Amino acid sequence: MAWKFDNPLYSMSDEQTNKATIALWEKEKHGGLWAANSRLPFPLTILIALTITTAFLVTMPIWGQRPSALLYAPMVDLMDTPEVQQKATPEEKMAYLTTRAMEVHKAASDSRLPGLLERHPIRWDDLQLAAPHIREIQSSNSTYGLESYTVVGDQVVLGNFEGSYRADGKRERTQPWWDKGYTIDLFYVTYFVITMVFVCKRLPHFSQKPDMSKVAK
Amino acid sequence: MLLKYLFAKNEDIPAGSSTIFFGYSAIFWFVVGTGLGSFNAAKLAFPDFATGVELFAFGHMRQVHVLAVILGWISMAFAMTMMYMTPALGNTKLWSEKLGLWTAFNWNVGLSLGLILLWLGFTSGREYSDLIWPIDLVVIFGVLVPLGINVWMTIAQRKTQGIYITNWFFGACIFMLIIVFLVGNSAEFFNLTGLTEGYLTFWFAHNVLGLWITPVAAGIAYYTIPKLTGNPLYSHRIGHLHFWSIIAFYSTPASHHLLSAPLPEWLKSFASVEGVLILIPAIAFVANILLTMKGRWSMFVENVETKFSVTGVLLAIPLNMQGGFQQTRAINWYVHGTGWIVAHAHLALLGMSSFLEIAAVYFGLQQVLRRKLYSLVLANFHFWFVIIGFCIYWISMTIAGLIQGAGKIYEVPYIDVVIAEHPYMIARWIGGTMVFTGNMVWLYNMYMTAREGTVVPKGRYAHEMAYER
């Protein structure tokens, strides 16, 4: 069971251990079946690498967040204007407000806002209930800006993120690009890959094939 | 008949008795579980069906169907395969046939009691872990621990030096399931509420699927495919990759079921990445099995056990692709709470997992009984009814789910969504009923196999004699 590090990508076991392993595989027949010593086909190695990359790409920066209060601020600004009040039904009011808010967001520097608004429509009833909270945040020199508040139905709540520390010693409450779970995952996957390389390279190199004809006898 | 051995001496009990007990119990529960599924689907397709009696209300019936399938069919089929594969792979006997029989007895009695109580409305109120805590204790200490002891002791007293990959999965998954049951049900025992209860509920639900239902099924395929084809397993090292990536990635993504809940964002972020990485064990497993089929693909057409087994492996591809991506936030916001998730769950349990178990139950019962299948025609009928029924179910529920997703996002009135889904609910019922019909035929076929199947001579396999008269 000695370790050998002179050619770690070939095998980390010495030749004697590898020969003993192959001999054991040839001798042992688990209930009439045995396992060969093939490698993972190269295209599948690429596929696994692609999977790991994809896993990180599709989850960063965590697309499709819950809607922030910032999305609805243009609606709150306009909801008491005569143009909106004249509309007969809540649906007509919301259609007008959504169009106007979309125009504002399209002109803004953050290109994610129009998509977020499209995915997170709000009802007139909820907007009326949420509006006082949004106005309060806008007017009260709040510690956090509208972008840090999440709107769930008619509730406006401070986001439950723990971002970088700000100059005032408080944490940012918007999604940080390096999200903690994401960082933990980088370490976790790295450990996994390193461990798997050790596990596989302790086996005989895949070019050493057990002689199955011996097993069958 | 097997009950007489419950009080016999262990050495007087014929080898394979517990396999037979578990095997027929599993098929029986499959018929019950899919029958309940068909009944429930009829209630969704035809709202006036079986109304007026509280016990037949959907809220009383749904979880009985789910747990009859998970704990009755799938888990007992697992136990059945463990009872014959574990000793075979160690060139030894089962540690205790008597314990195996008692486990099967406890399981049938405990599950019947649990499901009746559930049906009557005694429930923990949590999805998947619906059983009340006294029944959970019966499952843990009357069923899982004895099963584990039998499997672990059989592995420990093996006559081979190495442990074949199937036994890694069996030994590890029972251990993990006991932990999952103990921790996952603690919410009820310790009266935990709110977010903690929600998280534990889905920690349990996800891990029952990820650390029991799919990996044990995969472990079974590692036995059946090399055994049926006569080929060696393509790669021992890919088996390592599969096993350890299951442990690393399948045990962590529970909170991807709760992406909209106020759980810590880092936990959801971690879970979401892990959820995609579930594709790694899937790639390893599917590649290892399909490459083992090399040169023997004709068996996929000719041999009914291989047909079931390979179909199960092939269904693992859409299962893991779909699951990995449904749980990313980019897609989950649209599909959460819709029928597409139900379609995915059935792809896992009725598709991938059940097909692998059906193959192993067919193979194992013929081997242990030493009798050739009574009717190959009925077995093929079973295959086609189950696969066509499943596909109708899967496709109709996927479409219904996407309609629900659109309805949810665009705030379509609920009743309009219900009307739009109606044709797909009827298709769902037709598909589910086909599966149920196929399973009743299977139960009859296996009953007749035990009674009238041709005796298999020593040194031969039943499946080799499929076309011999």
# chains A, B, ... in the order shown; residues from 1 in each chain; ligands from 1

call {"tool": "closest_atom_pairs", "arguments": {"of": "chain B", "to": "chain A", "cutoff": "8 Å", "atoms": "only C-alpha atoms", "output": "Markdown table"}}
result
| residue | atom | partner | partner_atom | distance |
| --- | --- | --- | --- | --- |
| B:Ala88 | CA | A:Gly31 | CA | 4.6 |
| B:Leu89 | CA | A:His30 | CA | 4.4 |
| B:Gly90 | CA | A:His30 | CA | 6.0 |
| B:Asn91 | CA | A:Gly31 | CA | 5.7 |
| B:Thr160 | CA | A:Glu28 | CA | 6.6 |
| B:Gln161 | CA | A:Glu28 | CA | 7.8 |
| B:Tyr164 | CA | A:His30 | CA | 6.8 |
| B:Tyr223 | CA | A:Leu33 | CA | 7.9 |
| B:Pro226 | CA | A:Leu33 | CA | 6.4 |
| B:Lys227 | CA | A:Leu33 | CA | 6.2 |
| B:Gly230 | CA | A:Leu33 | CA | 7.4 |
| B:Asn231 | CA | A:Leu33 | CA | 7.8 |
| B:Pro232 | CA | A:Ala35 | CA | 5.1 |
| B:Leu233 | CA | A:Ala35 | CA | 4.4 |
| B:Tyr234 | CA | A:Ala36 | CA | 5.3 |
| B:Ser235 | CA | A:Ser38 | CA | 4.8 |
| B:His236 | CA | A:Ala35 | CA | 5.5 |
| B:Arg237 | CA | A:Cys200 | CA | 5.9 |
| B:Ile238 | CA | A:Leu40 | CA | 6.3 |
| B:His240 | CA | A:Cys200 | CA | 7.5 |
| B:Leu241 | CA | A:Met196 | CA | 6.8 |
| B:Trp244 | CA | A:Met196 | CA | 7.9 |
| B:Ser245 | CA | A:Phe192 | CA | 7.9 |
| B:Ala248 | CA | A:Phe192 | CA | 7.4 |
| B:Ser260 | CA | A:Arg66 | CA | 7.8 |
| B:Pro262 | CA | A:Asn160 | CA | 7.3 |
| B:Pro264 | CA | A:Asn160 | CA | 6.7 |
| B:Glu265 | CA | A:Phe161 | CA | 6.1 |
| B:Trp266 | CA | A:Gly181 | CA | 3.9 |
| B:Leu267 | CA | A:Gly181 | CA | 5.6 |
| B:Lys268 | CA | A:Gly181 | CA | 7.3 |
| B:Ser269 | CA | A:Gly181 | CA | 5.1 |
| B:Phe270 | CA | A:Gly181 | CA | 4.3 |
| B:Ala271 | CA | A:Gly181 | CA | 7.9 |
| B:Ser272 | CA | A:Thr59 | CA | 6.7 |
| B:Val273 | CA | A:Ala55 | CA | 5.2 |
| B:Glu274 | CA | A:Ala55 | CA | 7.5 |
| B:Val276 | CA | A:Ala55 | CA | 5.2 |
| B:Leu277 | CA | A:Ala55 | CA | 6.3 |
| B:Leu279 | CA | A:Thr51 | CA | 7.0 |
| B:Ile280 | CA | A:Ile48 | CA | 6.0 |
| B:Ile283 | CA | A:Leu44 | CA | 7.5 |
| B:Ala284 | CA | A:Leu40 | CA | 8.0 |
| B:Thr328 | CA | A:Thr59 | CA | 6.6 |
| B:Arg329 | CA | A:Gly64 | CA | 5.8 |
| B:Ala330 | CA | A:Trp63 | CA | 5.3 |
| B:Trp333 | CA | A:Gly64 | CA | 7.0 |
| B:Ile409 | CA | A:Arg119 | CA | 7.1 |
| B:Tyr410 | CA | A:Pro121 | CA | 7.9 |

call {"tool": "residues_around", "arguments": {"residues": "A:Met75", "least_positions_apart": "3", "cutoff": "8 Å", "atoms": "only C-alpha atoms", "output": "PyMOL selection string"}}
result
chain A and resi 72+78-79+97-98+100-101

call {"tool": "write_last_selection", "arguments": {"atoms": "C-alpha atoms", "output": "compact mmCIF listing (two decimals), in the first residue's frame"}}
result
# COMPACT_ATOMS: atom_id res chain seq x y z
CA TYR A 72 -41.70 49.73 -7.91
CA LEU A 78 -46.93 58.08 -10.40
CA MET A 79 -49.79 56.28 -8.69
CA LEU A 97 -47.86 52.16 -14.41
CA THR A 98 -45.93 49.11 -15.61
CA ARG A 100 -44.08 53.92 -17.44
CA ALA A 101 -41.91 52.09 -14.85

call {"tool": "residues_around", "arguments": {"residues": "B:Gly23", "least_positions_apart": "6", "cutoff": "10 Å", "atoms": "only C-alpha atoms", "output": "list in words"}}
result
Ser17, Trp73, Met76, Ala77, Phe78, Ala79, Met80, Thr81, Met83, Ala104, Ile358, Ala360, Val361, Tyr362, Gly364, Leu365 and Met446 of chain B

call {"tool": "write_last_selection", "arguments": {"atoms": "N, CA and C atoms", "output": "PDB file, in the first residue's frame"}}
result
ATOM      1  N   SER B  17     -35.750 -17.159   1.561  1.00  0.00           N
ATOM      2  CA  SER B  17     -37.124 -16.953   2.051  1.00  0.00           C
ATOM      3  C   SER B  17     -37.451 -15.471   2.207  1.00  0.00           C
ATOM      4  N   TRP B  73     -43.586  -0.079  -2.119  1.00  0.00           N
ATOM      5  CA  TRP B  73     -42.991  -0.650  -3.337  1.00  0.00           C
ATOM      6  C   TRP B  73     -41.473  -0.466  -3.384  1.00  0.00           C
ATOM      7  N   MET B  76     -39.305  -1.708  -0.294  1.00  0.00           N
ATOM      8  CA  MET B  76     -39.335  -3.173  -0.119  1.00  0.00           C
ATOM      9  C   MET B  76     -38.643  -3.879  -1.281  1.00  0.00           C
ATOM     10  N   ALA B  77     -38.747  -3.303  -2.482  1.00  0.00           N
ATOM     11  CA  ALA B  77     -38.003  -3.871  -3.613  1.00  0.00           C
ATOM     12  C   ALA B  77     -36.496  -3.751  -3.346  1.00  0.00           C
ATOM     13  N   PHE B  78     -36.094  -2.632  -2.737  1.00  0.00           N
ATOM     14  CA  PHE B  78     -34.684  -2.481  -2.360  1.00  0.00           C
ATOM     15  C   PHE B  78     -34.282  -3.576  -1.376  1.00  0.00           C
ATOM     16  N   ALA B  79     -35.125  -3.750  -0.347  1.00  0.00           N
ATOM     17  CA  ALA B  79     -34.817  -4.756   0.676  1.00  0.00           C
ATOM     18  C   ALA B  79     -34.734  -6.138   0.034  1.00  0.00           C
ATOM     19  N   MET B  80     -35.647  -6.388  -0.911  1.00  0.00           N
ATOM     20  CA  MET B  80     -35.644  -7.685  -1.595  1.00  0.00           C
ATOM     21  C   MET B  80     -34.304  -7.902  -2.330  1.00  0.00           C
ATOM     22  N   THR B  81     -33.862  -6.866  -3.046  1.00  0.00           N
ATOM     23  CA  THR B  81     -32.604  -7.016  -3.793  1.00  0.00           C
ATOM     24  C   THR B  81     -31.427  -7.166  -2.827  1.00  0.00           C
ATOM     25  N   MET B  83     -31.498  -8.624   0.013  1.00  0.00           N
ATOM     26  CA  MET B  83     -31.533  -9.967   0.596  1.00  0.00           C
ATOM     27  C   MET B  83     -30.870 -11.008  -0.321  1.00  0.00           C
ATOM     28  N   ALA B 104     -39.349  -8.094   7.122  1.00  0.00           N
ATOM     29  CA  ALA B 104     -40.426  -8.002   6.125  1.00  0.00           C
ATOM     30  C   ALA B 104     -41.796  -7.990   6.812  1.00  0.00           C
ATOM     31  N   ILE B 358     -37.911  -3.076 -10.936  1.00  0.00           N
ATOM     32  CA  ILE B 358     -38.748  -4.106 -11.574  1.00  0.00           C
ATOM     33  C   ILE B 358     -37.838  -5.178 -12.183  1.00  0.00           C
ATOM     34  N   ALA B 360     -34.837  -5.997 -11.320  1.00  0.00           N
ATOM     35  CA  ALA B 360     -34.166  -6.779 -10.282  1.00  0.00           C
ATOM     36  C   ALA B 360     -35.133  -7.735  -9.593  1.00  0.00           C
ATOM     37  N   VAL B 361     -36.403  -7.323  -9.456  1.00  0.00           N
ATOM     38  CA  VAL B 361     -37.394  -8.206  -8.821  1.00  0.00           C
ATOM     39  C   VAL B 361     -37.717  -9.374  -9.763  1.00  0.00           C
ATOM     40  N   TYR B 362     -37.891  -9.069 -11.056  1.00  0.00           N
ATOM     41  CA  TYR B 362     -38.096 -10.147 -12.037  1.00  0.00           C
ATOM     42  C   TYR B 362     -36.946 -11.160 -11.953  1.00  0.00           C
ATOM     43  N   GLY B 364     -34.481 -11.553  -9.653  1.00  0.00           N
ATOM     44  CA  GLY B 364     -34.227 -12.163  -8.350  1.00  0.00           C
ATOM     45  C   GLY B 364     -35.243 -13.236  -7.993  1.00  0.00           C
ATOM     46  N   LEU B 365     -36.519 -12.965  -8.244  1.00  0.00           N
ATOM     47  CA  LEU B 365     -37.535 -13.957  -7.874  1.00  0.00           C
ATOM     48  C   LEU B 365     -37.370 -15.233  -8.702  1.00  0.00           C
ATOM     49  N   MET B 446     -46.237 -13.142 -11.668  1.00  0.00           N
ATOM     50  CA  MET B 446     -45.274 -13.628 -10.674  1.00  0.00           C
ATOM     51  C   MET B 446     -45.914 -14.669  -9.747  1.00  0.00           C
TER      52      MET B 446
END

call {"tool": "select_by_dssp", "arguments": {"residues": "stretch 28-168 of chain A", "states": "helix (DSSP H, G or I)", "output": "ChimeraX atom specification"}}
result
/A:42-59,69-78,82-85,90-107,113-119,124-139,146-148

call {"tool": "closest_residue", "arguments": {"among": "B:Ile70, B:Leu120, B:Leu99, B:Ile135", "to": "B:Tyr5", "atoms": "only C-alpha atoms"}}
result
B:Leu99

call {"tool": "residues_around", "arguments": {"residues": "B:Leu113", "least_positions_apart": "6", "cutoff": "12 Å", "atoms": "only C-alpha atoms", "output": "ChimeraX atom specification"}}
result
/B:64,68,106-107,119-120,122,131-132,134-136,138-139

call {"tool": "write_last_selection", "arguments": {"atoms": "N, CA and C atoms", "output": "tab-separated table (two decimals), in the first residue's frame"}}
result
chain	number	residue	atom	x	y	z
B	64	VAL	N	-51.15	8.92	1.13
B	64	VAL	CA	-51.17	7.46	1.26
B	64	VAL	C	-50.57	6.85	-0.01
B	68	ALA	N	-47.16	4.76	0.11
B	68	ALA	CA	-47.31	3.35	-0.30
B	68	ALA	C	-46.27	3.03	-1.37
B	106	ASN	N	-42.48	-7.01	10.00
B	106	ASN	CA	-42.64	-5.70	10.68
B	106	ASN	C	-42.99	-4.61	9.68
B	107	TRP	N	-42.33	-4.70	8.54
B	107	TRP	CA	-42.49	-3.67	7.51
B	107	TRP	C	-43.94	-3.66	7.01
B	119	TRP	N	-54.45	7.72	6.37
B	119	TRP	CA	-55.71	7.81	5.63
B	119	TRP	C	-56.81	8.40	6.52
B	120	LEU	N	-56.78	7.99	7.81
B	120	LEU	CA	-57.78	8.49	8.74
B	120	LEU	C	-57.52	9.94	9.16
B	122	PHE	N	-54.40	10.99	10.68
B	122	PHE	CA	-53.33	11.16	11.68
B	122	PHE	C	-52.03	11.41	10.93
B	131	LEU	N	-45.87	10.61	8.12
B	131	LEU	CA	-46.22	9.65	9.18
B	131	LEU	C	-46.01	10.27	10.56
B	132	ILE	N	-46.87	9.87	11.51
B	132	ILE	CA	-46.71	10.41	12.86
B	132	ILE	C	-45.50	9.75	13.54
B	134	PRO	N	-44.70	8.02	16.27
B	134	PRO	CA	-44.59	6.61	16.71
B	134	PRO	C	-44.36	5.66	15.54
B	135	ILE	N	-45.00	5.96	14.40
B	135	ILE	CA	-44.79	5.11	13.22
B	135	ILE	C	-43.37	5.31	12.67
B	136	ASP	N	-42.87	6.54	12.75
B	136	ASP	CA	-41.47	6.78	12.34
B	136	ASP	C	-40.52	5.89	13.14
B	138	VAL	N	-41.25	3.03	14.49
B	138	VAL	CA	-41.40	1.65	14.00
B	138	VAL	C	-40.55	1.47	12.74
B	139	VAL	N	-40.63	2.45	11.84
B	139	VAL	CA	-39.86	2.36	10.58
B	139	VAL	C	-38.36	2.30	10.89
